[in-house]
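Engineer: work.tsv (TSV, C-alpha atoms) pasted underneath:
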chain	number	residue	atom	x	y	z
A	1	MET	CA	30.91	25.98	-69.63
A	2	PRO	CA	29.36	26.77	-66.20
A	3	ARG	CA	29.65	24.21	-63.41
A	4	ARG	CA	27.20	23.86	-60.52
A	5	PHE	CA	28.22	23.19	-56.90
A	6	SER	CA	26.39	22.67	-53.62
A	7	GLU	CA	27.60	23.06	-50.05
A	8	LYS	CA	26.26	22.42	-46.58
A	9	SER	CA	27.34	22.67	-42.95
A	10	SER	CA	27.68	19.59	-40.77
A	11	ASN	CA	25.82	21.56	-38.08
A	12	ASN	CA	22.75	21.99	-40.27
A	13	GLU	CA	22.63	19.46	-43.08
A	14	SER	CA	19.25	20.71	-44.34
A	15	ASP	CA	20.76	24.13	-45.10
A	16	VAL	CA	22.15	23.64	-48.63
A	17	HIS	CA	23.61	26.38	-50.82
A	18	VAL	CA	23.78	26.01	-54.61
A	19	PHE	CA	26.04	28.19	-56.77
A	20	ASP	CA	27.42	28.26	-60.31
A	21	ALA	CA	31.02	28.77	-61.39
A	22	GLU	CA	32.20	29.60	-64.92
A	23	PHE	CA	35.74	29.22	-66.26
A	24	LYS	CA	36.98	32.44	-67.92
A	25	ASN	CA	40.49	33.61	-68.78
A	26	GLY	CA	42.18	30.77	-66.86
A	27	ALA	CA	40.14	31.11	-63.64
A	28	TYR	CA	36.75	30.15	-62.21
A	29	PHE	CA	34.31	32.96	-61.43
A	30	ILE	CA	31.64	32.14	-58.84
A	31	SER	CA	28.17	33.48	-59.44
A	32	ARG	CA	27.00	36.00	-56.86
A	33	ASN	CA	23.50	34.59	-57.13
A	34	ILE	CA	23.83	31.86	-54.48
A	35	LYS	CA	20.57	30.03	-53.85
A	36	SER	CA	19.53	28.35	-50.65
A	37	ARG	CA	17.41	25.19	-50.53
A	38	SER	CA	16.38	25.70	-46.91
A	39	SER	CA	14.36	28.19	-44.94
A	40	ARG	CA	15.74	30.29	-42.10
A	41	LEU	CA	16.23	28.62	-38.75
A	42	SER	CA	13.20	28.67	-36.51
A	43	ILE	CA	13.88	29.23	-32.83
A	44	LEU	CA	12.02	25.95	-32.14
A	45	SER	CA	13.66	23.93	-34.91
A	46	LYS	CA	15.94	20.95	-34.44
A	47	GLU	CA	18.73	22.77	-36.29
A	48	PHE	CA	18.50	25.75	-33.92
A	49	PHE	CA	18.94	23.58	-30.83
A	50	LYS	CA	21.76	21.71	-32.54
A	51	GLU	CA	23.68	24.92	-33.22
A	52	VAL	CA	23.09	26.34	-29.74
A	53	PHE	CA	23.69	23.26	-27.60
A	54	LEU	CA	25.92	20.87	-29.58
A	55	PRO	CA	29.59	21.35	-30.54
A	56	GLU	CA	30.50	22.70	-33.97
A	57	GLY	CA	30.68	19.87	-36.48
A	58	TYR	CA	28.59	17.43	-34.40
A	59	PRO	CA	28.58	14.42	-34.64
A	60	HIS	CA	31.94	14.20	-36.43
A	61	SER	CA	33.77	16.47	-33.97
A	62	VAL	CA	33.00	14.42	-30.85
A	63	SER	CA	33.33	10.82	-29.64
A	64	GLY	CA	30.71	8.24	-30.56
A	65	ASP	CA	29.40	8.04	-26.99
A	66	TYR	CA	28.82	11.81	-26.70
A	67	LEU	CA	25.06	12.07	-27.18
A	68	GLU	CA	24.13	9.07	-25.02
A	69	TYR	CA	26.33	10.29	-22.17
A	70	GLN	CA	25.02	13.87	-22.36
A	71	ILE	CA	21.39	12.70	-22.23
A	72	TRP	CA	21.95	10.61	-19.10
A	73	ASP	CA	24.13	13.33	-17.57
A	74	SER	CA	21.41	15.96	-18.11
A	75	LEU	CA	18.78	13.74	-16.49
A	76	GLN	CA	20.95	13.13	-13.44
A	77	ALA	CA	21.65	16.86	-13.14
A	78	LEU	CA	17.91	17.52	-13.06
A	79	CYS	CA	17.48	15.06	-10.18
A	80	SER	CA	20.48	16.56	-8.41
A	81	THR	CA	18.86	20.01	-8.59
A	82	VAL	CA	15.77	18.73	-6.79
A	83	SER	CA	17.74	17.02	-4.02
A	84	SER	CA	19.98	20.11	-3.64
A	85	THR	CA	16.86	22.23	-3.12
A	86	LEU	CA	15.78	19.92	-0.31
A	87	ALA	CA	19.25	20.14	1.25
A	88	ALA	CA	19.30	23.95	1.02
A	89	HIS	CA	15.85	24.16	2.62
A	90	ALA	CA	16.98	21.94	5.51
A	91	THR	CA	20.22	23.89	5.97
A	92	PHE	CA	18.45	27.24	6.15
A	93	ARG	CA	15.99	25.79	8.64
A	94	GLY	CA	18.89	24.48	10.74
A	95	LEU	CA	20.65	27.86	10.61
A	96	GLY	CA	17.53	29.43	12.11
A	97	VAL	CA	15.82	31.05	9.16
A	98	GLY	CA	12.26	31.71	10.28
A	99	HIS	CA	13.09	31.45	14.02
A	100	GLU	CA	13.03	34.60	16.14
A	101	GLU	CA	15.72	33.36	18.53
A	102	ALA	CA	18.27	32.81	15.75
A	103	THR	CA	21.00	35.44	15.34
A	104	ALA	CA	22.90	36.51	12.26
A	105	ALA	CA	26.22	36.09	14.12
A	106	GLY	CA	25.44	32.50	15.02
A	107	ALA	CA	24.39	31.60	11.49
A	108	THR	CA	27.52	33.28	10.10
A	109	PHE	CA	29.76	31.33	12.47
A	110	VAL	CA	28.22	27.99	11.45
A	111	TRP	CA	28.44	28.93	7.78
A	112	CYS	CA	32.14	29.89	8.05
A	113	LEU	CA	32.93	26.70	9.96
A	114	LYS	CA	31.17	24.62	7.29
A	115	MET	CA	32.98	26.32	4.42
A	116	SER	CA	36.40	26.07	6.12
A	117	THR	CA	35.90	22.35	6.69
A	118	GLY	CA	35.01	21.87	3.04
A	119	MET	CA	38.01	23.82	1.78
A	120	ILE	CA	40.47	21.84	3.90
A	121	GLY	CA	38.84	18.56	2.87
A	122	GLY	CA	39.04	19.47	-0.82
A	123	ILE	CA	42.75	20.27	-0.56
A	124	VAL	CA	43.57	17.02	1.24
A	125	PHE	CA	41.49	14.90	-1.16
A	126	ALA	CA	43.13	16.47	-4.22
A	127	TRP	CA	46.56	15.84	-2.69
A	128	LEU	CA	45.85	12.15	-2.05
A	129	LYS	CA	43.85	11.20	-5.16
A	130	SER	CA	44.70	13.63	-7.98
A	131	ALA	CA	46.62	11.05	-10.08
A	132	SER	CA	43.87	8.45	-9.77
A	133	LEU	CA	41.16	10.93	-10.84
A	134	ASP	CA	42.55	11.05	-14.38
A	135	ALA	CA	43.39	7.35	-14.62
A	136	HIS	CA	39.99	6.18	-13.37
A	137	CYS	CA	37.69	9.07	-14.23
A	138	LYS	CA	34.61	6.87	-14.76
A	139	GLN	CA	34.83	5.37	-11.28
A	140	TRP	CA	35.47	8.70	-9.59
A	141	ARG	CA	32.67	10.34	-11.59
A	142	LEU	CA	30.17	7.88	-10.15
A	143	PHE	CA	31.77	8.24	-6.71
A	144	ALA	CA	31.21	12.00	-6.87
A	145	ASP	CA	27.49	11.54	-7.43
A	146	ILE	CA	27.13	8.91	-4.70
A	147	ALA	CA	28.98	11.29	-2.36
A	148	ASN	CA	26.69	14.12	-3.47
A	149	ASP	CA	23.61	12.13	-2.40
A	150	THR	CA	25.32	11.27	0.90
A	151	ALA	CA	26.01	14.96	1.54
A	152	THR	CA	22.40	15.81	0.71
A	153	PHE	CA	21.14	13.17	3.14
A	154	LEU	CA	23.33	14.58	5.94
A	155	ALA	CA	22.12	18.10	5.20
A	156	ILE	CA	18.47	17.04	5.37
A	157	VAL	CA	18.78	15.10	8.65
A	158	SER	CA	20.98	17.68	10.41
A	159	PRO	CA	18.12	20.00	11.50
A	160	TYR	CA	16.56	17.12	13.47
A	161	PHE	CA	19.47	17.27	15.94
A	162	VAL	CA	20.31	19.78	18.64
A	163	SER	CA	22.66	22.66	17.86
A	164	THR	CA	25.97	20.87	18.54
A	165	TYR	CA	25.13	17.83	16.42
A	166	PHE	CA	23.63	20.05	13.73
A	167	ILE	CA	26.95	21.88	13.39
A	168	PHE	CA	28.88	18.59	13.27
A	169	LEU	CA	26.60	17.03	10.64
A	170	SER	CA	26.61	20.22	8.60
A	171	CYS	CA	30.41	20.25	8.59
A	172	VAL	CA	30.55	16.57	7.57
A	173	SER	CA	28.03	17.28	4.81
A	174	THR	CA	30.13	20.16	3.49
A	175	LEU	CA	33.27	18.02	3.76
A	176	VAL	CA	31.68	15.32	1.62
A	177	GLN	CA	30.41	17.99	-0.77
A	178	SER	CA	33.99	19.25	-1.20
A	179	LEU	CA	35.01	15.77	-2.36
A	180	VAL	CA	32.17	15.99	-4.88
A	181	GLY	CA	33.55	19.30	-6.13
A	182	VAL	CA	37.07	17.96	-6.65
A	183	ALA	CA	36.12	14.54	-8.06
A	184	GLY	CA	33.25	15.86	-10.16
A	185	GLY	CA	35.14	18.83	-11.59
A	186	THR	CA	38.32	16.97	-12.51
A	187	THR	CA	36.56	13.94	-13.99
A	188	ARG	CA	34.30	16.22	-16.03
A	189	ALA	CA	37.44	17.79	-17.52
A	190	ALA	CA	38.84	14.34	-18.33
A	191	LEU	CA	35.58	13.30	-20.00
A	192	ARG	CA	35.49	16.48	-22.07
A	193	SER	CA	39.02	15.73	-23.25
A	194	HIS	CA	37.82	12.26	-24.29
A	195	GLN	CA	34.79	13.66	-26.11
A	196	ALA	CA	36.68	16.34	-28.08
A	197	ARG	CA	38.02	14.80	-31.30
A	198	LYS	CA	38.93	17.86	-33.38
A	199	SER	CA	41.10	19.82	-30.93
A	200	ASN	CA	37.82	21.44	-29.86
A	201	MET	CA	37.82	20.92	-26.11
A	202	ALA	CA	36.90	24.58	-25.49
A	203	ASP	CA	33.87	24.25	-27.79
A	204	VAL	CA	32.81	20.97	-26.16
A	205	SER	CA	33.18	22.57	-22.71
A	206	ALA	CA	31.21	25.67	-23.72
A	207	LYS	CA	28.31	23.64	-25.14
A	208	ASP	CA	28.37	21.36	-22.10
A	209	ASN	CA	27.97	24.46	-19.94
A	210	SER	CA	25.08	25.63	-22.15
A	211	GLN	CA	23.36	22.27	-21.72
A	212	GLU	CA	23.93	22.49	-17.98
A	213	GLN	CA	22.42	25.99	-17.83
A	214	LEU	CA	19.33	24.80	-19.72
A	215	VAL	CA	18.93	21.89	-17.30
A	216	ASN	CA	19.37	24.27	-14.36
A	217	LEU	CA	16.63	26.54	-15.73
A	218	VAL	CA	14.23	23.61	-15.85
A	219	GLY	CA	15.51	22.52	-12.44
A	220	MET	CA	14.77	25.95	-10.95
A	221	MET	CA	11.15	25.65	-12.02
A	222	LEU	CA	10.96	22.17	-10.50
A	223	SER	CA	12.66	23.47	-7.36
A	224	PHE	CA	10.00	26.16	-6.97
A	225	LEU	CA	7.31	23.48	-7.05
A	226	VAL	CA	9.33	21.38	-4.60
A	227	THR	CA	9.50	24.20	-2.05
A	228	LEU	CA	5.71	24.47	-2.15
A	229	PHE	CA	5.30	20.76	-1.35
A	230	VAL	CA	8.06	20.77	1.29
A	231	GLU	CA	6.01	23.04	3.54
A	232	ASP	CA	3.34	20.34	3.75
A	233	GLY	CA	5.44	18.15	6.02
A	234	GLN	CA	8.55	16.03	6.38
A	235	GLY	CA	6.89	13.01	4.80
A	236	VAL	CA	6.83	14.88	1.51
A	237	VAL	CA	10.48	15.86	1.94
A	238	TRP	CA	11.63	12.27	2.42
A	239	SER	CA	9.44	10.96	-0.38
A	240	LEU	CA	10.87	13.49	-2.83
A	241	PHE	CA	14.39	12.83	-1.60
A	242	ILE	CA	14.16	9.05	-1.98
A	243	ILE	CA	12.67	9.30	-5.47
A	244	SER	CA	15.26	11.86	-6.62
A	245	VAL	CA	18.17	9.82	-5.20
A	246	ILE	CA	17.04	6.57	-6.85
A	247	LEU	CA	16.66	8.30	-10.21
A	248	HIS	CA	19.89	10.25	-9.73
A	249	LEU	CA	21.96	7.14	-9.07
A	250	TYR	CA	20.34	5.20	-11.90
A	251	PHE	CA	20.92	7.98	-14.44
A	252	ASN	CA	24.52	8.36	-13.27
A	253	TYR	CA	25.16	4.64	-13.56
A	254	ARG	CA	23.80	4.65	-17.11
A	255	ALA	CA	25.87	7.74	-17.96
A	256	VAL	CA	29.12	6.20	-16.74
A	257	LYS	CA	28.41	2.85	-18.42
A	258	SER	CA	27.80	4.63	-21.73
A	259	ILE	CA	31.38	5.98	-21.81
A	260	ARG	CA	33.67	4.11	-24.19
A	261	MET	CA	37.24	5.27	-23.64
A	262	GLU	CA	39.97	4.15	-26.04
A	263	SER	CA	42.74	5.12	-23.62
A	264	LEU	CA	44.31	2.42	-21.48
A	265	ASN	CA	44.37	2.44	-17.70
A	266	LEU	CA	45.20	-0.34	-15.26
A	267	SER	CA	41.58	-1.47	-15.05
A	268	ARG	CA	41.04	-1.82	-18.80
A	269	LEU	CA	44.52	-3.22	-19.45
A	270	HIS	CA	43.98	-5.84	-16.75
A	271	ILE	CA	40.81	-6.99	-18.56
A	272	LEU	CA	42.62	-7.03	-21.92
A	273	VAL	CA	45.59	-9.04	-20.59
A	274	SER	CA	43.25	-11.57	-18.97
A	275	LYS	CA	41.25	-11.97	-22.20
A	276	PHE	CA	44.45	-12.22	-24.25
A	277	HIS	CA	45.83	-15.12	-22.22
A	278	HIS	CA	42.49	-16.93	-22.36
A	279	ASP	CA	42.28	-16.47	-26.14
A	280	SER	CA	39.03	-14.54	-25.74
A	281	PRO	CA	37.62	-12.69	-28.77
A	282	VAL	CA	36.52	-9.83	-26.48
A	283	PHE	CA	39.11	-7.21	-27.31
A	284	ASP	CA	37.19	-4.27	-28.79
A	285	VAL	CA	36.76	-0.91	-27.07
A	286	ILE	CA	33.01	-1.21	-26.47
A	287	SER	CA	33.11	-4.71	-24.92
A	288	VAL	CA	36.02	-3.97	-22.60
A	289	ASN	CA	34.44	-0.72	-21.38
A	290	GLU	CA	31.24	-2.63	-20.63
A	291	LEU	CA	33.24	-5.16	-18.58
A	292	GLU	CA	35.01	-2.44	-16.59
A	293	SER	CA	33.47	-1.88	-13.17
A	294	PRO	CA	32.20	1.71	-12.63
A	295	PHE	CA	32.58	1.52	-8.85
A	296	VAL	CA	35.57	3.10	-7.13
A	297	TRP	CA	35.76	0.42	-4.43
A	298	ASP	CA	36.53	-2.20	-7.09
A	299	LEU	CA	39.82	-0.42	-7.84
A	300	SER	CA	41.25	-2.05	-4.70
A	301	LYS	CA	40.85	-5.43	-6.43
A	302	LEU	CA	43.29	-4.48	-9.21
A	303	PRO	CA	46.89	-5.70	-9.08
A	304	SER	CA	49.04	-3.33	-7.05
A	305	LEU	CA	52.09	-2.15	-9.01
A	306	ARG	CA	54.82	0.42	-8.38
A	307	LEU	CA	55.80	1.97	-11.72
A	308	GLY	CA	58.67	4.39	-12.26
A	309	GLY	CA	59.73	4.46	-8.63
A	310	PRO	CA	63.33	4.82	-7.40
A	311	VAL	CA	65.65	1.81	-7.52
A	312	SER	CA	66.41	2.47	-3.84
A	313	ASP	CA	62.96	1.04	-3.07
A	314	LEU	CA	64.40	-2.33	-4.17
A	315	ALA	CA	67.56	-2.03	-2.11
A	316	THR	CA	66.69	-4.81	0.32
A	317	GLN	CA	65.55	-7.20	-2.42
A	318	ALA	CA	67.38	-9.05	-5.16
A	319	VAL	CA	66.57	-7.70	-8.62
A	320	ALA	CA	64.45	-10.08	-10.65
A	321	SER	CA	65.48	-8.92	-14.12
A	322	TYR	CA	67.26	-6.10	-15.96
A	323	ASP	CA	67.20	-5.68	-19.73
A	324	GLY	CA	68.76	-2.22	-20.20
A	325	ASP	CA	65.49	-0.27	-20.20
A	326	ILE	CA	63.53	-1.83	-17.34
A	327	LEU	CA	64.55	-3.13	-13.95
A	328	TYR	CA	61.99	-5.48	-12.36
A	329	GLY	CA	61.84	-6.39	-8.71
A	330	VAL	CA	59.73	-6.60	-5.57
A	331	ASN	CA	59.25	-3.36	-3.67
A	332	MET	CA	59.96	-3.12	0.05
A	333	ASP	CA	56.20	-2.96	0.70
A	334	GLY	CA	55.72	-6.24	-1.20
A	335	ARG	CA	54.50	-4.86	-4.53
A	336	TRP	CA	55.93	-5.81	-7.90
A	337	SER	CA	57.86	-2.87	-9.25
A	338	ALA	CA	59.27	-1.67	-12.57
A	339	CYS	CA	62.00	0.97	-12.60
A	340	TYR	CA	62.82	2.69	-15.88
A	341	ALA	CA	65.96	3.94	-17.58
A	342	HIS	CA	66.04	7.45	-19.09
A	343	LYS	CA	65.72	5.95	-22.56
A	344	ALA	CA	62.56	3.95	-21.73
A	345	ASP	CA	59.69	5.15	-23.95
A	346	ASP	CA	55.92	4.61	-23.80
A	347	ARG	CA	56.23	1.25	-25.53
A	348	ALA	CA	58.77	0.00	-22.97
A	349	ILE	CA	56.53	1.13	-20.11
A	350	LEU	CA	53.49	-0.57	-21.63
A	351	LYS	CA	55.52	-3.74	-22.17
A	352	SER	CA	56.63	-3.78	-18.53
A	353	ILE	CA	53.03	-3.48	-17.30
A	354	PHE	CA	51.95	-6.26	-19.67
A	355	VAL	CA	54.75	-8.52	-18.40
A	356	LEU	CA	53.92	-7.88	-14.74
A	357	LEU	CA	50.17	-8.36	-15.23
A	358	SER	CA	50.79	-11.55	-17.22
A	359	PHE	CA	52.98	-12.99	-14.48
A	360	MET	CA	50.55	-11.98	-11.73
A	361	ALA	CA	47.67	-13.57	-13.64
A	362	GLN	CA	49.52	-16.89	-13.63
A	363	SER	CA	51.08	-16.78	-10.18
A	364	SER	CA	50.55	-14.97	-6.87
A	365	SER	CA	54.15	-15.72	-5.92
A	366	LYS	CA	56.68	-12.97	-5.17
A	367	ASN	CA	59.45	-15.39	-6.19
A	368	ILE	CA	61.86	-13.33	-8.29
A	369	ASP	CA	63.58	-16.43	-9.68
A	370	LEU	CA	60.29	-17.72	-11.07
A	371	PHE	CA	59.60	-14.30	-12.59
A	372	GLY	CA	63.03	-14.24	-14.22
A	373	GLN	CA	62.41	-17.65	-15.79
A	374	THR	CA	59.01	-16.72	-17.29
A	375	LYS	CA	59.61	-13.05	-18.23
A	376	SER	CA	60.98	-13.84	-21.68
A	377	GLU	CA	57.80	-15.81	-22.48
A	378	TRP	CA	55.62	-12.77	-21.79
A	379	GLU	CA	57.96	-10.47	-23.69
A	380	LYS	CA	57.60	-12.69	-26.77
A	381	ASP	CA	53.81	-12.37	-26.50
A	382	PHE	CA	53.88	-8.59	-26.25
A	383	PRO	CA	54.23	-7.73	-30.00
A	384	ARG	CA	51.12	-9.82	-30.75
A	385	PHE	CA	49.26	-8.20	-27.86
A	386	GLU	CA	50.35	-4.75	-29.05
A	387	ALA	CA	49.15	-5.50	-32.60
A	388	MET	CA	45.75	-6.59	-31.29
A	389	LEU	CA	45.45	-3.34	-29.32
A	390	THR	CA	46.22	-1.24	-32.38
A	391	HIS	CA	43.88	-3.26	-34.60
A	392	ASN	CA	40.99	-2.73	-32.18
A	393	GLY	CA	41.47	1.03	-31.93
A	394	TRP	CA	43.13	1.32	-28.52
A	395	SER	CA	45.44	4.25	-27.76
A	396	LEU	CA	48.88	3.08	-26.62
A	397	ASP	CA	49.57	6.20	-24.56
A	398	THR	CA	50.66	5.32	-20.99
A	399	SER	CA	49.80	8.62	-19.29
A	400	LEU	CA	46.94	7.05	-17.28
A	401	PHE	CA	49.07	4.47	-15.45
A	402	SER	CA	50.32	6.69	-12.61
A	403	VAL	CA	53.96	6.24	-13.59
A	404	ASP	CA	56.33	8.04	-11.23
A	405	SER	CA	59.11	10.26	-12.60
A	406	TRP	CA	62.21	8.42	-11.31
A	407	ARG	CA	64.62	7.34	-14.09
A	408	PHE	CA	68.03	5.68	-13.83
A	409	SER	CA	71.07	5.55	-16.10
A	410	GLU	CA	74.00	3.16	-16.07
A	411	GLU	CA	77.36	4.79	-15.39
A	412	PRO	CA	80.93	3.44	-15.57
A	413	VAL	CA	82.43	2.18	-12.33
A	414	ASP	CA	85.85	3.64	-11.43
A	415	GLY	CA	88.66	1.13	-11.75
A	416	LEU	CA	86.70	-1.25	-14.00
Would you encode the structure as structure tokens?

Structural biologist:
Amino acid sequence: MPRRFSEKSSNNESDVHVFDAEFKNGAYFISRNIKSRSSRLSILSKEFFKEVFLPEGYPHSVSGDYLEYQIWDSLQALCSTVSSTLAAHATFRGLGVGHEEATAAGATFVWCLKMSTGMIGGIVFAWLKSASLDAHCKQWRLFADIANDTATFLAIVSPYFVSTYFIFLSCVSTLVQSLVGVAGGTTRAALRSHQARKSNMADVSAKDNSQEQLVNLVGMMLSFLVTLFVEDGQGVVWSLFIISVILHLYFNYRAVKSIRMESLNLSRLHILVSKFHHDSPVFDVISVNELESPFVWDLSKLPSLRLGGPVSDLATQAVASYDGDILYGVNMDGRWSACYAHKADDRAILKSIFVLLSFMAQSSSKNIDLFGQTKSEWEKDFPRFEAMLTHNGWSLDTSLFSVDSWRFSEEPVDGL
């Protein structure tokens, strides 16, 4: 007896195929006459745009915050295009475009000096902050866009100054822009990794680039209109710049606040530990991400810990506690520190951070005797804390805690 089946793609749920299969001689034979319940894709249809600009298998192949973030991100990119046009116009004017006395050699020298400054700045910034960019990608993402507007402002005001100051301001603008390139590029990669849920990071990245190109096309048309208005006077330039910056920062703030990361970093874990000890019901991913500050300057308010450093850093201090996997103590620079044995796994590292944050939430003291007396209390609480994390969908991976690579092992002492 024939059996009827239907199939559809998650990319285009209105495109349904219907086919028959008949069991003969121990096997099913599928009818070649497959019928479709949908018409062909129109170039202006919703399904067409979904296939071109959204990852394969959307929405099941990406994180739940994907669409909201991409909408806000596209809007901020549009505003950024307008402000970048204003900056480029000011830079060309400062380099002498349109002035008879300007020389190609002079413009080339300034351009090379600007680019060299930016390259050096990018290298130094990546060296100093590369670990933090992954751990706190939301904060650094917003920082990149604030820095981008700062660089644009410097580029616009630079032509108002004489040659020497113009060169200085142009170099500072390019230096700030290099920070934008490093922070923006690396945090974008981290966010794509968060969004990809089916080992499809390449697909998510490709479609993100397609969305960006579409926004840039619209932005180029806006930029053309902007250049026409810019010639009418500097009042128009500043009006357009202020409007674009306000919208740019607002859209970026909304984009960052829409991100709901299940991975733990020091900022989110600090919130969770505080809520845990106050018996707060706020423990889910969405609520904690909403409580997390999106501003990079608030990172300085987090407890300062040294994780995975060498035991030699504790050489001048008595060790607070040692349980075979973790050695706790106060670092020579005054920070609480956890050193790890070779056998310490992710769970042991997470437990050590929980213990230190719990103690620091109750006491600002660096008294190692007091820590030793209360450590066992926090360790007893950890299994319940860990169970609550798992129940609420948190990832227990510790890769975002900037843990150094030093590990110790206990060895026999000669003669003992």

Engineer: Compare A:Leu302, A:Val215, A:Ile243, A:Val204 by their minimum atom-to-atom distance to A:Ile71, counting all atoms listed in the file, and give me the closest one.

Structural biologist: A:Val215

Engineer: I'd like a table as CSV: residues in stretch 260-298 of chain A with an atom no more than 12 Å from stretch 142-157 of chain A, each row giving the shortest atom pair and its distance in Å to one decimal, all atoms listed in the file counted, sorted by chain and rising residue number.

Structural biologist:
residue,atom,partner,partner_atom,distance
A:Ser293,CA,A:Leu142,CA,10.7
A:Pro294,CA,A:Leu142,CA,7.0
A:Phe295,CA,A:Leu142,CA,6.9
A:Val296,CA,A:Phe143,CA,6.4
A:Trp297,CA,A:Phe143,CA,9.1
A:Asp298,CA,A:Phe143,CA,11.5

Engineer: In Å, how far is it from atom CA of A:Ser83 to atom CA of A:Val256?

Structural biologist: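 One can read the atom CA of A:Ser83 to atom CA of A:Val256 distance as 20.2 Å.
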
Engineer: Would you mind reading off the distance between atom CA of A:Phe125 and atom CA of A:Val182, one decimal, in Å?

Structural biologist: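 Between atom CA of A:Phe125 and atom CA of A:Val182 the gap is 7.7 Å.
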
Engineer: Hey, which of A:Ala77, A:Ala361, A:Leu225, A:Met119 ends up closest to A:Gly181? Count only C-alpha atoms.

Structural biologist: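 Nearest candidate to A:Gly181 out of A:Ala77, A:Ala361, A:Leu225, A:Met119: A:Met119.
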
Engineer: Given the point (53.1, 6.7, -25.3) in the coordinates of this file, which residues lie within 7 Å, counting all atoms listed in the file, and how would they look as a list in words?

Structural biologist: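 It turns out the residues near that spot are Asp345, Asp346, Arg347, Leu396, Asp397 and Thr398 of chain A.
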
Engineer: Find the spatial neighbours of A:Glu292, counting all atoms listed in the file, within a cut-off of 12 Å - ignore same-chain residues fewer than 4 positions away - and output them as a PyMOL selection string.

Structural biologist: chain A and resi 136+138-139+256-261+264-272+285-288+296+298-299+302

Engineer: Hey, which of A:Gly372, A:Pro383, A:Gly324, A:Gly309 ends up closest to A:Phe354? Count only C-alpha atoms.

Structural biologist: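 Closest to A:Phe354 of all the choices is A:Pro383.
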
Engineer: Which of these residues is nearest to A:Phe408, using all atoms listed in the file: A:Ile353, A:Val273, A:Met388, A:Cys339?

Structural biologist: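 Checking each candidate against A:Phe408, we get A:Cys339 as the closest.
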
Engineer: What does the structure give for the distance between atom CA of A:Ser399 and atom CA of A:Ala206, in Å to one decimal?

Structural biologist: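 Computing it gives 25.6 Å between the two atoms.
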
Engineer: Calculated over only C-alpha atoms, which of the candidates A:Ile242, A:Ala387, A:Ile167, A:Leu370 has the smallest distance to A:Val82?

Structural biologist: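 Residue with the minimum atom-to-atom distance to A:Val82: A:Ile242.
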
Engineer: Here is a test: counting all atoms listed in the file, which residue of A:Thr186, A:Gln70, A:Ser132, A:Ser312 is nearest to A:Val403?

Structural biologist: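 Result for the nearest residue to A:Val403: A:Ser132.
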
Engineer: Which neighbours of A:Pro310 fall inside 9 Å, counting only C-alpha atoms, when residues of the same chain fewer than 2 positions from it are skipped, and could you give them as an MDAnalysis selection string?

Structural biologist: chainID A and resid 308 312:314 339:340 404:408

Engineer: Next, dump the selected residues to file, keeping only C-alpha atoms, as a short mmCIF file (atom, residue, chain, number, x, y, z; two decimals), keeping the file's coordinate frame.

Structural biologist:
data_model
loop_
_atom_site.label_atom_id
_atom_site.label_comp_id
_atom_site.auth_asym_id
_atom_site.auth_seq_id
_atom_site.Cartn_x
_atom_site.Cartn_y
_atom_site.Cartn_z
CA GLY A 308 58.67 4.39 -12.26
CA SER A 312 66.41 2.47 -3.84
CA ASP A 313 62.96 1.04 -3.07
CA LEU A 314 64.40 -2.33 -4.17
CA CYS A 339 62.00 0.97 -12.60
CA TYR A 340 62.82 2.69 -15.88
CA ASP A 404 56.33 8.04 -11.23
CA SER A 405 59.11 10.26 -12.60
CA TRP A 406 62.21 8.42 -11.31
CA ARG A 407 64.62 7.34 -14.09
CA PHE A 408 68.03 5.68 -13.83
#

Engineer: What's around stretch 379-381 of chain A at 9 Å? Count only C-alpha atoms, leave out sequence neighbours fewer than 6 positions away in its own chain, and write the answer as a list in words.

Structural biologist: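 Near neighbours after the sequence-gap exclusion: Lys351, Ser352, Phe354 and Val355 of chain A.
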
Engineer: Tell me which protein, DNA and RNA residues are within 8 Å of A:Val52, counting only C-alpha atoms, leaving out same-chain ones fewer than 3 positions away, and put them as an MDAnalysis selection string.

Structural biologist: chainID A and resid 48:49 207 210

Engineer: Neighbouring residues of A:Asn331 were defined as those with any atom within 8 Å, considering all atoms listed in the file; residues of the same chain fewer than 4 positions away were excluded. Please report them as a PyMOL selection string.

Structural biologist: chain A and resi 306+313-314+317+335-337
